[in-house]
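One file, data.pdb, carrying PDB, C-alpha atoms and all ligand atoms:
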ATOM      1  CA  MET A   1      12.858 -31.805  -6.572
ATOM      2  CA  LEU A   2      14.137 -35.084  -5.070
ATOM      3  CA  ALA A   3      15.402 -33.334  -1.933
ATOM      4  CA  GLY A   4      11.758 -32.925  -0.824
ATOM      5  CA  VAL A   5      10.780 -36.559  -1.429
ATOM      6  CA  ARG A   6       9.952 -38.438   1.796
ATOM      7  CA  HIS A   7       8.221 -41.504   0.361
ATOM      8  CA  VAL A   8       8.624 -43.531  -2.830
ATOM      9  CA  VAL A   9       5.745 -45.500  -4.284
ATOM     10  CA  LEU A  10       7.065 -48.406  -6.326
ATOM     11  CA  ASP A  11       5.341 -50.208  -9.141
ATOM     12  CA  MET A  12       6.324 -53.878  -8.957
ATOM     13  CA  ASP A  13       6.645 -55.763 -12.278
ATOM     14  CA  GLY A  14       9.161 -54.008 -14.530
ATOM     15  CA  THR A  15      10.369 -51.828 -11.656
ATOM     16  CA  LEU A  16      11.447 -54.232  -8.870
ATOM     17  CA  TYR A  17      11.543 -57.459 -10.879
ATOM     18  CA  ARG A  18      10.518 -59.011 -14.134
ATOM     19  CA  GLY A  19       8.250 -62.036 -13.690
ATOM     20  CA  GLY A  20       9.869 -64.063 -10.913
ATOM     21  CA  THR A  21      13.361 -62.567 -11.268
ATOM     22  CA  LEU A  22      14.368 -59.770  -8.924
ATOM     23  CA  PHE A  23      16.593 -57.076 -10.462
ATOM     24  CA  PRO A  24      20.078 -57.061  -8.863
ATOM     25  CA  PHE A  25      19.732 -53.390  -7.805
ATOM     26  CA  THR A  26      16.367 -53.782  -6.007
ATOM     27  CA  ARG A  27      17.526 -54.960  -2.567
ATOM     28  CA  PRO A  28      20.408 -52.430  -2.338
ATOM     29  CA  PHE A  29      17.975 -49.649  -3.364
ATOM     30  CA  LEU A  30      15.439 -50.567  -0.653
ATOM     31  CA  ALA A  31      18.213 -50.851   1.965
ATOM     32  CA  GLN A  32      19.391 -47.369   1.026
ATOM     33  CA  LEU A  33      16.042 -45.675   1.733
ATOM     34  CA  ARG A  34      15.761 -46.147   5.499
ATOM     35  CA  PRO A  35      19.022 -44.316   6.406
ATOM     36  CA  LEU A  36      17.879 -41.490   4.128
ATOM     37  CA  GLY A  37      14.607 -41.261   6.080
ATOM     38  CA  ILE A  38      12.552 -42.194   3.031
ATOM     39  CA  GLY A  39       9.613 -44.603   3.332
ATOM     40  CA  TYR A  40       8.252 -46.807   0.562
ATOM     41  CA  THR A  41       5.085 -48.549  -0.577
ATOM     42  CA  PHE A  42       4.715 -51.268  -3.222
ATOM     43  CA  LEU A  43       1.831 -50.680  -5.595
ATOM     44  CA  THR A  44       0.094 -53.107  -7.945
ATOM     45  CA  ASN A  45      -3.050 -53.199 -10.037
ATOM     46  CA  ASN A  46      -3.108 -56.989 -10.137
ATOM     47  CA  SER A  47      -6.156 -58.078  -8.109
ATOM     48  CA  SER A  48      -5.807 -61.824  -8.793
ATOM     49  CA  ARG A  49      -3.732 -62.188  -5.641
ATOM     50  CA  SER A  50      -4.634 -61.069  -2.122
ATOM     51  CA  SER A  51      -2.299 -58.887  -0.076
ATOM     52  CA  ALA A  52      -1.297 -62.013   1.883
ATOM     53  CA  ASP A  53      -0.285 -63.747  -1.380
ATOM     54  CA  TYR A  54       1.762 -60.706  -2.430
ATOM     55  CA  LEU A  55       3.545 -60.563   0.912
ATOM     56  CA  ALA A  56       4.422 -64.256   0.499
ATOM     57  CA  HIS A  57       5.630 -63.584  -3.077
ATOM     58  CA  LEU A  58       7.840 -60.715  -1.879
ATOM     59  CA  ALA A  59       9.155 -62.888   0.971
ATOM     60  CA  ARG A  60      10.164 -65.556  -1.592
ATOM     61  CA  LEU A  61      12.159 -62.823  -3.360
ATOM     62  CA  ASP A  62      13.761 -62.123   0.038
ATOM     63  CA  ILE A  63      12.066 -58.729   0.424
ATOM     64  CA  ALA A  64      10.593 -58.473   3.902
ATOM     65  CA  THR A  65       7.466 -56.315   3.673
ATOM     66  CA  ASP A  66       5.028 -55.029   6.230
ATOM     67  CA  PRO A  67       1.346 -55.322   5.155
ATOM     68  CA  ALA A  68       1.099 -51.508   5.454
ATOM     69  CA  GLN A  69       3.801 -51.202   2.757
ATOM     70  CA  LEU A  70       1.664 -52.886   0.124
ATOM     71  CA  HIS A  71      -1.193 -51.160  -1.710
ATOM     72  CA  THR A  72      -3.181 -53.109  -4.311
ATOM     73  CA  SER A  73      -6.103 -52.085  -6.507
ATOM     74  CA  ALA A  74      -8.262 -54.289  -4.243
ATOM     75  CA  ASN A  75      -7.165 -52.203  -1.207
ATOM     76  CA  ALA A  76      -8.054 -49.028  -3.131
ATOM     77  CA  THR A  77     -11.456 -50.526  -4.000
ATOM     78  CA  VAL A  78     -12.246 -51.434  -0.380
ATOM     79  CA  ASP A  79     -11.014 -48.016   0.883
ATOM     80  CA  TRP A  80     -13.280 -46.218  -1.574
ATOM     81  CA  LEU A  81     -16.342 -48.416  -0.969
ATOM     82  CA  ARG A  82     -16.014 -47.932   2.806
ATOM     83  CA  ALA A  83     -15.730 -44.152   2.420
ATOM     84  CA  HIS A  84     -18.277 -43.554  -0.348
ATOM     85  CA  ARG A  85     -20.669 -46.539  -0.366
ATOM     86  CA  PRO A  86     -21.023 -47.568   3.294
ATOM     87  CA  GLY A  87     -24.416 -49.116   2.508
ATOM     88  CA  VAL A  88     -22.784 -51.736   0.259
ATOM     89  CA  ARG A  89     -22.301 -54.830   2.447
ATOM     90  CA  ARG A  90     -23.108 -57.704   0.055
ATOM     91  CA  LEU A  91     -21.060 -58.109  -3.117
ATOM     92  CA  PHE A  92     -21.282 -60.407  -6.089
ATOM     93  CA  ALA A  93     -17.561 -60.588  -6.871
ATOM     94  CA  LEU A  94     -16.063 -62.012 -10.053
ATOM     95  CA  CYS A  95     -12.667 -62.766  -8.525
ATOM     96  CA  THR A  96     -10.229 -65.447  -7.406
ATOM     97  CA  PRO A  97     -10.761 -67.354  -4.142
ATOM     98  CA  SER A  98      -7.711 -65.478  -2.836
ATOM     99  CA  LEU A  99      -9.348 -62.062  -3.330
ATOM    100  CA  ALA A 100     -12.710 -63.410  -2.115
ATOM    101  CA  ALA A 101     -11.041 -64.290   1.199
ATOM    102  CA  GLU A 102      -9.616 -60.774   1.433
ATOM    103  CA  LEU A 103     -13.020 -59.187   0.732
ATOM    104  CA  ARG A 104     -14.624 -61.348   3.436
ATOM    105  CA  ALA A 105     -11.865 -60.368   5.855
ATOM    106  CA  ALA A 106     -12.657 -56.718   5.022
ATOM    107  CA  GLY A 107     -16.221 -57.350   6.217
ATOM    108  CA  TYR A 108     -18.064 -57.980   2.951
ATOM    109  CA  GLU A 109     -20.549 -60.779   2.498
ATOM    110  CA  LEU A 110     -20.144 -62.452  -0.911
ATOM    111  CA  THR A 111     -23.408 -63.544  -2.452
ATOM    112  CA  ALA A 112     -23.910 -66.879  -4.199
ATOM    113  CA  ASP A 113     -24.382 -67.510  -7.917
ATOM    114  CA  ASP A 114     -28.132 -67.527  -7.379
ATOM    115  CA  PRO A 115     -30.797 -65.131  -8.764
ATOM    116  CA  ALA A 116     -32.535 -65.192  -5.357
ATOM    117  CA  ASP A 117     -29.382 -63.989  -3.559
ATOM    118  CA  ALA A 118     -29.310 -60.342  -4.688
ATOM    119  CA  PRO A 119     -26.148 -58.378  -3.858
ATOM    120  CA  ASP A 120     -25.876 -54.629  -3.132
ATOM    121  CA  ALA A 121     -23.236 -54.219  -5.863
ATOM    122  CA  VAL A 122     -21.127 -56.104  -8.400
ATOM    123  CA  LEU A 123     -17.316 -56.137  -8.309
ATOM    124  CA  VAL A 124     -15.189 -57.391 -11.203
ATOM    125  CA  ALA A 125     -11.504 -58.181 -10.584
ATOM    126  CA  PHE A 126      -8.732 -60.026 -12.446
ATOM    127  CA  ASP A 127     -10.378 -63.439 -12.137
ATOM    128  CA  THR A 128      -7.840 -66.035 -13.246
ATOM    129  CA  THR A 129     -10.389 -68.682 -12.193
ATOM    130  CA  LEU A 130     -13.085 -67.226 -14.476
ATOM    131  CA  ASP A 131     -16.187 -69.419 -14.657
ATOM    132  CA  TYR A 132     -18.763 -69.010 -17.443
ATOM    133  CA  ALA A 133     -21.848 -69.311 -15.218
ATOM    134  CA  ARG A 134     -20.483 -66.695 -12.819
ATOM    135  CA  LEU A 135     -19.614 -64.389 -15.738
ATOM    136  CA  CYS A 136     -23.251 -64.659 -16.897
ATOM    137  CA  ARG A 137     -24.558 -64.022 -13.364
ATOM    138  CA  THR A 138     -22.365 -60.905 -13.204
ATOM    139  CA  ALA A 139     -23.925 -59.693 -16.478
ATOM    140  CA  HIS A 140     -27.368 -60.430 -15.050
ATOM    141  CA  TRP A 141     -26.843 -58.159 -12.027
ATOM    142  CA  ILE A 142     -25.211 -55.443 -14.161
ATOM    143  CA  ALA A 143     -28.133 -55.555 -16.604
ATOM    144  CA  HIS A 144     -30.480 -55.134 -13.604
ATOM    145  CA  GLY A 145     -28.817 -51.801 -12.856
ATOM    146  CA  LEU A 146     -26.891 -52.711  -9.698
ATOM    147  CA  PRO A 147     -23.863 -50.534  -8.838
ATOM    148  CA  TYR A 148     -20.957 -51.968 -10.828
ATOM    149  CA  PHE A 149     -17.265 -51.546  -9.936
ATOM    150  CA  ALA A 150     -14.002 -52.870 -11.353
ATOM    151  CA  THR A 151     -10.702 -53.150  -9.469
ATOM    152  CA  HIS A 152      -8.521 -51.878 -12.378
ATOM    153  CA  PRO A 153      -8.603 -51.141 -16.117
ATOM    154  CA  ASP A 154      -5.728 -53.310 -17.491
ATOM    155  CA  HIS A 155      -6.696 -55.297 -20.610
ATOM    156  CA  ILE A 156      -3.829 -57.763 -20.356
ATOM    157  CA  CYS A 157      -1.364 -58.761 -17.666
ATOM    158  CA  PRO A 158       2.262 -58.929 -18.852
ATOM    159  CA  THR A 159       3.750 -62.431 -18.953
ATOM    160  CA  ASP A 160       6.854 -64.189 -20.256
ATOM    161  CA  GLU A 161       4.782 -67.315 -20.952
ATOM    162  CA  PRO A 162       3.507 -68.120 -24.491
ATOM    163  CA  THR A 163      -0.054 -66.942 -23.748
ATOM    164  CA  VAL A 164      -2.162 -63.790 -23.352
ATOM    165  CA  LEU A 165      -3.434 -63.157 -19.830
ATOM    166  CA  VAL A 166      -6.921 -61.661 -20.299
ATOM    167  CA  ASP A 167      -7.182 -59.101 -17.502
ATOM    168  CA  CYS A 168      -9.964 -57.227 -15.658
ATOM    169  CA  GLY A 169     -10.474 -54.564 -18.359
ATOM    170  CA  SER A 170     -11.084 -57.216 -21.017
ATOM    171  CA  ILE A 171     -13.554 -59.068 -18.799
ATOM    172  CA  CYS A 172     -15.380 -55.730 -18.334
ATOM    173  CA  ALA A 173     -15.309 -55.241 -22.129
ATOM    174  CA  ALA A 174     -17.109 -58.585 -22.585
ATOM    175  CA  LEU A 175     -19.664 -57.567 -19.915
ATOM    176  CA  GLY A 176     -20.037 -54.215 -21.687
ATOM    177  CA  LYS A 177     -20.927 -55.954 -24.961
ATOM    178  CA  ALA A 178     -23.436 -58.132 -23.131
ATOM    179  CA  THR A 179     -25.105 -55.407 -21.041
ATOM    180  CA  GLY A 180     -24.330 -52.022 -22.647
ATOM    181  CA  ARG A 181     -22.813 -50.812 -19.356
ATOM    182  CA  ALA A 182     -19.301 -49.806 -18.386
ATOM    183  CA  PRO A 183     -18.296 -49.955 -14.696
ATOM    184  CA  ASP A 184     -19.561 -47.017 -12.596
ATOM    185  CA  ARG A 185     -16.014 -46.669 -11.292
ATOM    186  CA  VAL A 186     -12.684 -48.320 -12.107
ATOM    187  CA  PHE A 187     -10.021 -48.330  -9.372
ATOM    188  CA  GLY A 188      -6.291 -49.017  -9.689
ATOM    189  CA  LYS A 189      -3.736 -47.126 -11.770
ATOM    190  CA  PRO A 190      -4.105 -44.582 -13.375
ATOM    191  CA  ASP A 191      -6.845 -43.535 -10.893
ATOM    192  CA  PRO A 192      -5.037 -40.984  -8.658
ATOM    193  CA  GLU A 193      -7.087 -42.301  -5.714
ATOM    194  CA  MET A 194      -4.444 -45.090  -5.486
ATOM    195  CA  LEU A 195      -1.897 -42.443  -4.418
ATOM    196  CA  THR A 196      -4.366 -40.378  -2.375
ATOM    197  CA  GLY A 197      -4.828 -43.371  -0.044
ATOM    198  CA  ILE A 198      -1.069 -43.595   0.504
ATOM    199  CA  ARG A 199      -0.835 -39.811   1.057
ATOM    200  CA  ARG A 200      -3.542 -39.966   3.704
ATOM    201  CA  ARG A 201      -1.959 -42.986   5.418
ATOM    202  CA  HIS A 202       1.400 -41.202   5.791
ATOM    203  CA  GLN A 203       0.092 -37.612   5.992
ATOM    204  CA  LEU A 204       2.293 -36.410   3.142
ATOM    205  CA  ALA A 205       1.994 -33.588   0.620
ATOM    206  CA  ALA A 206       1.782 -34.671  -3.027
ATOM    207  CA  ARG A 207       5.279 -33.453  -3.895
ATOM    208  CA  GLU A 208       6.738 -35.415  -0.958
ATOM    209  CA  ILE A 209       5.841 -38.603  -2.860
ATOM    210  CA  ALA A 210       7.738 -39.934  -5.881
ATOM    211  CA  MET A 211       5.794 -42.420  -8.026
ATOM    212  CA  VAL A 212       8.221 -44.808  -9.711
ATOM    213  CA  GLY A 213       7.143 -47.118 -12.532
ATOM    214  CA  ASP A 214       7.803 -48.472 -16.021
ATOM    215  CA  ARG A 215       4.528 -47.535 -17.773
ATOM    216  CA  ILE A 216       3.811 -44.032 -19.067
ATOM    217  CA  TYR A 217       0.026 -44.401 -19.497
ATOM    218  CA  THR A 218      -0.591 -45.809 -16.010
ATOM    219  CA  ASP A 219       2.247 -45.107 -13.547
ATOM    220  CA  MET A 220       3.238 -41.708 -14.969
ATOM    221  CA  ALA A 221      -0.330 -40.617 -15.813
ATOM    222  CA  MET A 222      -1.378 -41.347 -12.229
ATOM    223  CA  ALA A 223       1.638 -39.505 -10.760
ATOM    224  CA  ARG A 224       0.746 -36.457 -12.823
ATOM    225  CA  ALA A 225      -2.958 -36.585 -11.908
ATOM    226  CA  ALA A 226      -2.080 -36.871  -8.209
ATOM    227  CA  GLY A 227       0.507 -34.065  -8.375
ATOM    228  CA  CYS A 228       3.348 -36.362  -7.243
ATOM    229  CA  VAL A 229       6.934 -36.418  -8.556
ATOM    230  CA  SER A 230       6.994 -38.829 -11.533
ATOM    231  CA  VAL A 231       9.953 -41.148 -12.128
ATOM    232  CA  LEU A 232       9.924 -43.366 -15.222
ATOM    233  CA  VAL A 233      12.355 -46.296 -15.154
ATOM    234  CA  LEU A 234      13.420 -47.969 -18.393
ATOM    235  CA  SER A 235      13.808 -51.435 -16.803
ATOM    236  CA  GLY A 236      10.371 -52.617 -17.958
ATOM    237  CA  GLU A 237       7.874 -51.683 -20.664
ATOM    238  CA  ALA A 238       8.631 -48.078 -21.715
ATOM    239  CA  THR A 239      11.681 -47.246 -23.839
ATOM    240  CA  ALA A 240      13.627 -43.978 -24.019
ATOM    241  CA  ASP A 241      11.803 -43.315 -27.328
ATOM    242  CA  ASP A 242       8.410 -43.766 -25.615
ATOM    243  CA  ALA A 243       9.510 -41.272 -22.952
ATOM    244  CA  ARG A 244      10.496 -38.714 -25.624
ATOM    245  CA  ARG A 245       7.159 -39.159 -27.421
ATOM    246  CA  ALA A 246       5.062 -38.905 -24.233
ATOM    247  CA  GLY A 247       2.629 -35.970 -24.274
ATOM    248  CA  THR A 248       3.807 -34.829 -20.849
ATOM    249  CA  ALA A 249       7.369 -35.757 -19.959
ATOM    250  CA  PRO A 250       7.905 -37.493 -16.602
ATOM    251  CA  ASP A 251       9.914 -35.418 -14.101
ATOM    252  CA  PHE A 252      12.722 -38.006 -14.325
ATOM    253  CA  VAL A 253      13.552 -40.688 -16.899
ATOM    254  CA  LEU A 254      16.089 -43.113 -15.381
ATOM    255  CA  THR A 255      17.657 -46.430 -16.365
ATOM    256  CA  ASP A 256      16.368 -48.159 -13.227
ATOM    257  CA  ILE A 257      15.787 -47.687  -9.482
ATOM    258  CA  GLY A 258      19.534 -48.138  -8.931
ATOM    259  CA  GLU A 259      20.043 -44.768 -10.622
ATOM    260  CA  LEU A 260      17.220 -43.286  -8.532
ATOM    261  CA  GLY A 261      19.043 -44.447  -5.392
ATOM    262  CA  LEU A 262      22.158 -42.531  -6.439
ATOM    263  CA  LEU A 263      20.144 -39.371  -7.129
ATOM    264  CA  LEU A 264      18.277 -39.583  -3.797
ATOM    265  CA  GLN A 265      21.601 -40.039  -2.003
ATOM    266  CA  ALA A 266      23.053 -37.014  -3.814
ATOM    267  CA  SER A 267      19.950 -34.914  -3.015
ATOM    268  CA  ARG A 268      20.596 -35.588   0.719
ATOM    269  CA  SER A 269      24.303 -34.845   0.701
ATOM    270  CA  GLY A 270      23.889 -31.466  -0.977
ATOM    271  CA  ASP A 271      25.653 -32.471  -4.217
TER     272      ASP A 271
HETATM  273 MG    MG B 301       5.100 -52.212 -14.148
END
Show me, as structure tokens, the structure contained in the file I just sent.
Amino acid sequence: MLAGVRHVVLDMDGTLYRGGTLFPFTRPFLAQLRPLGIGYTFLTNNSSRSSADYLAHLARLDIATDPAQLHTSANATVDWLRAHRPGVRRLFALCTPSLAAELRAAGYELTADDPADAPDAVLVAFDTTLDYARLCRTAHWIAHGLPYFATHPDHICPTDEPTVLVDCGSICAALGKATGRAPDRVFGKPDPEMLTGIRRRHQLAAREIAMVGDRIYTDMAMARAAGCVSVLVLSGEATADDARRAGTAPDFVLTDIGELGLLLQASRSGD
């Protein structure tokens, strides 16, 4: 199965690093891919940072990354809106200034927190700068029936700090209580559209892509829905017990991406 893999899609936290600490096997693994003729893309649901912020974060970890090698839930959102809702030009976005800048750069006009400044649609992201008045304005537009989208479904964002990071899905839950509406569409993992975009970009068949991640209900569920090879690594959230209990077993359950590197190497040398 691995002999046919031409591209690996890598979840970030729990797969490449934990918090700010890069796993010791990550750089050797990435260096190994190019000589094997295998490409890679980093994938994240976290929409609190723009692509530019992520590239800077990866550079601090000494991983040089091309913008085309990064795919965030915000990228998936913009790709889908462009393809399926070309009439949406003005957004009321509940998001960080970092993502707001990225949305503007993608050609969207962001409307003000003003009932006279009606948007075409509402977008909710992981807003770590959440402001009560803007939350209420978001509910106002949702209650008025405007198209309503969310970048990703995560309820919390993992952290080593003594706090709970209330994520996009929980903000949408609050808006749901207030308005009776769920988002019309939620992007990010486990939506297989995240992988479809990467497939299209590189013109690959589903089974030529291996999705590698540490969460069964997002990373592995998405790999299955997209028809890609699924590789669960036990360096993050899921344990070997979780993998055994999973309704559908991933194609591979490995200790970490270091082990995946060895298997990919072996698949190329005919072992
Ligand atoms: Mg992860």
So which residues touch range 204-218 of chain A within 6 Å, counting only C-alpha atoms, skipping near sequence neighbours fewer than 3 positions away, as a PDB file with C-alpha atoms, in the frame of the given file?
ATOM      1  CA  GLY A   4      11.758 -32.925  -0.824  1.00  0.00           C
ATOM      2  CA  VAL A   5      10.780 -36.559  -1.429  1.00  0.00           C
ATOM      3  CA  ARG A   6       9.952 -38.438   1.796  1.00  0.00           C
ATOM      4  CA  HIS A   7       8.221 -41.504   0.361  1.00  0.00           C
ATOM      5  CA  VAL A   8       8.624 -43.531  -2.830  1.00  0.00           C
ATOM      6  CA  VAL A   9       5.745 -45.500  -4.284  1.00  0.00           C
ATOM      7  CA  LEU A  10       7.065 -48.406  -6.326  1.00  0.00           C
ATOM      8  CA  ASP A  11       5.341 -50.208  -9.141  1.00  0.00           C
ATOM      9  CA  GLY A  14       9.161 -54.008 -14.530  1.00  0.00           C
ATOM     10  CA  THR A  15      10.369 -51.828 -11.656  1.00  0.00           C
ATOM     11  CA  LYS A 189      -3.736 -47.126 -11.770  1.00  0.00           C
ATOM     12  CA  PRO A 190      -4.105 -44.582 -13.375  1.00  0.00           C
ATOM     13  CA  ARG A 199      -0.835 -39.811   1.057  1.00  0.00           C
ATOM     14  CA  ALA A 221      -0.330 -40.617 -15.813  1.00  0.00           C
ATOM     15  CA  MET A 222      -1.378 -41.347 -12.229  1.00  0.00           C
ATOM     16  CA  ALA A 223       1.638 -39.505 -10.760  1.00  0.00           C
ATOM     17  CA  GLY A 227       0.507 -34.065  -8.375  1.00  0.00           C
ATOM     18  CA  CYS A 228       3.348 -36.362  -7.243  1.00  0.00           C
ATOM     19  CA  VAL A 229       6.934 -36.418  -8.556  1.00  0.00           C
ATOM     20  CA  SER A 230       6.994 -38.829 -11.533  1.00  0.00           C
ATOM     21  CA  VAL A 231       9.953 -41.148 -12.128  1.00  0.00           C
ATOM     22  CA  LEU A 232       9.924 -43.366 -15.222  1.00  0.00           C
ATOM     23  CA  VAL A 233      12.355 -46.296 -15.154  1.00  0.00           C
ATOM     24  CA  GLY A 236      10.371 -52.617 -17.958  1.00  0.00           C
ATOM     25  CA  GLU A 237       7.874 -51.683 -20.664  1.00  0.00           C
ATOM     26  CA  ALA A 238       8.631 -48.078 -21.715  1.00  0.00           C
TER      27      ALA A 238
END
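Excluding Asp160 in chain A itself and any same-chain residue fewer than 3 positions from it, the protein and nucleic acid residues within 10 Å of it, counting all atoms listed in the file, are A:Arg18, A:Gly19, A:Gly20, A:Thr163, A:Val164.
Evaluated against this file, the PyMOL selection byres (((chain A and resi 185) around 12) and not hetatm) yields A:Ala76, A:Thr77, A:Trp80, A:Leu81, A:His84, A:Arg85, A:Ala121, A:Val122, A:Leu123, A:Val124, A:Pro147, A:Tyr148, A:Phe149, A:Ala150, A:Thr151, A:His152, A:Pro153, A:Gly169, A:Cys172, A:Arg181, A:Ala182, A:Pro183, A:Asp184, A:Val186, A:Phe187, A:Gly188, A:Asp191, A:Glu193.
For the set A:Asp114, A:Asp242, A:Asp79, A:Asp167, the residue with the smallest atom-to-atom gap to Asn45 in chain A is A:Asp167, counting all atoms listed in the file.
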Resolved residues for the PyMOL selection byres (((chain A and resi 108-112) around 12) and not hetatm) as a PyMOL selection string
chain A and resi 78+81-82+86-95+97+99-107+113-123+133-134+137-138+141
Among A:Ala266, A:Thr248, A:Gln203, A:Asp241, Ala225 in chain A is approached most closely, using only C-alpha atoms, by A:Thr248
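The smallest atom-to-atom distance between ligand MG 301 (chain B) and any of A:Leu146, A:Met220, A:Ala243, A:Ala64, using only C-alpha atoms and all ligand atoms, is found for A:Met220.
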Tell me which residues the PyMOL selection byres (((chain A and resi 262) around 12) and not hetatm) grabs here, as a ChimeraX atom specification.
/A:2,25,28-30,32-33,36,254-261,263-269,271
Which residue gives the smallest distance to Cys168 in chain A among A:Leu195, A:Ala3, A:Ala249, A:Ala125, with all atoms listed in the file counted?
A:Ala125
Leu58 in chain A environment, 12 Å, all atoms listed in the file, sequence neighbours closer than 2 positions dropped, as a PyMOL selection string:
chain A and resi 12-13+16-17+19-22+26-27+42+51-56+60-67+69-70
Okay, now the selection with C-alpha atoms, as an mmCIF file, keeping the file's coordinate frame?
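File out-v9.cif, as written:
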data_model
loop_
_atom_site.group_PDB
_atom_site.id
_atom_site.type_symbol
_atom_site.label_atom_id
_atom_site.label_comp_id
_atom_site.auth_asym_id
_atom_site.auth_seq_id
_atom_site.Cartn_x
_atom_site.Cartn_y
_atom_site.Cartn_z
ATOM 1 C CA MET A 12 6.324 -53.878 -8.957
ATOM 2 C CA ASP A 13 6.645 -55.763 -12.278
ATOM 3 C CA LEU A 16 11.447 -54.232 -8.870
ATOM 4 C CA TYR A 17 11.543 -57.459 -10.879
ATOM 5 C CA GLY A 19 8.250 -62.036 -13.690
ATOM 6 C CA GLY A 20 9.869 -64.063 -10.913
ATOM 7 C CA THR A 21 13.361 -62.567 -11.268
ATOM 8 C CA LEU A 22 14.368 -59.770 -8.924
ATOM 9 C CA THR A 26 16.367 -53.782 -6.007
ATOM 10 C CA ARG A 27 17.526 -54.960 -2.567
ATOM 11 C CA PHE A 42 4.715 -51.268 -3.222
ATOM 12 C CA SER A 51 -2.299 -58.887 -0.076
ATOM 13 C CA ALA A 52 -1.297 -62.013 1.883
ATOM 14 C CA ASP A 53 -0.285 -63.747 -1.380
ATOM 15 C CA TYR A 54 1.762 -60.706 -2.430
ATOM 16 C CA LEU A 55 3.545 -60.563 0.912
ATOM 17 C CA ALA A 56 4.422 -64.256 0.499
ATOM 18 C CA ARG A 60 10.164 -65.556 -1.592
ATOM 19 C CA LEU A 61 12.159 -62.823 -3.360
ATOM 20 C CA ASP A 62 13.761 -62.123 0.038
ATOM 21 C CA ILE A 63 12.066 -58.729 0.424
ATOM 22 C CA ALA A 64 10.593 -58.473 3.902
ATOM 23 C CA THR A 65 7.466 -56.315 3.673
ATOM 24 C CA ASP A 66 5.028 -55.029 6.230
ATOM 25 C CA PRO A 67 1.346 -55.322 5.155
ATOM 26 C CA GLN A 69 3.801 -51.202 2.757
ATOM 27 C CA LEU A 70 1.664 -52.886 0.124
#
Between CA of Pro24 in chain A and CA of Ser235 in chain A - distance in Å to one decimal:
11.6 Å
Between A:Ile38, A:Val166, A:Cys157, A:Ala226, which is the closest to ligand MG 301 (chain B) once you count all atoms listed in the file?
A:Cys157
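For the pair CA of Asp127 in chain A and CA of Ala139 in chain A, the interatomic distance is 14.7 Å.
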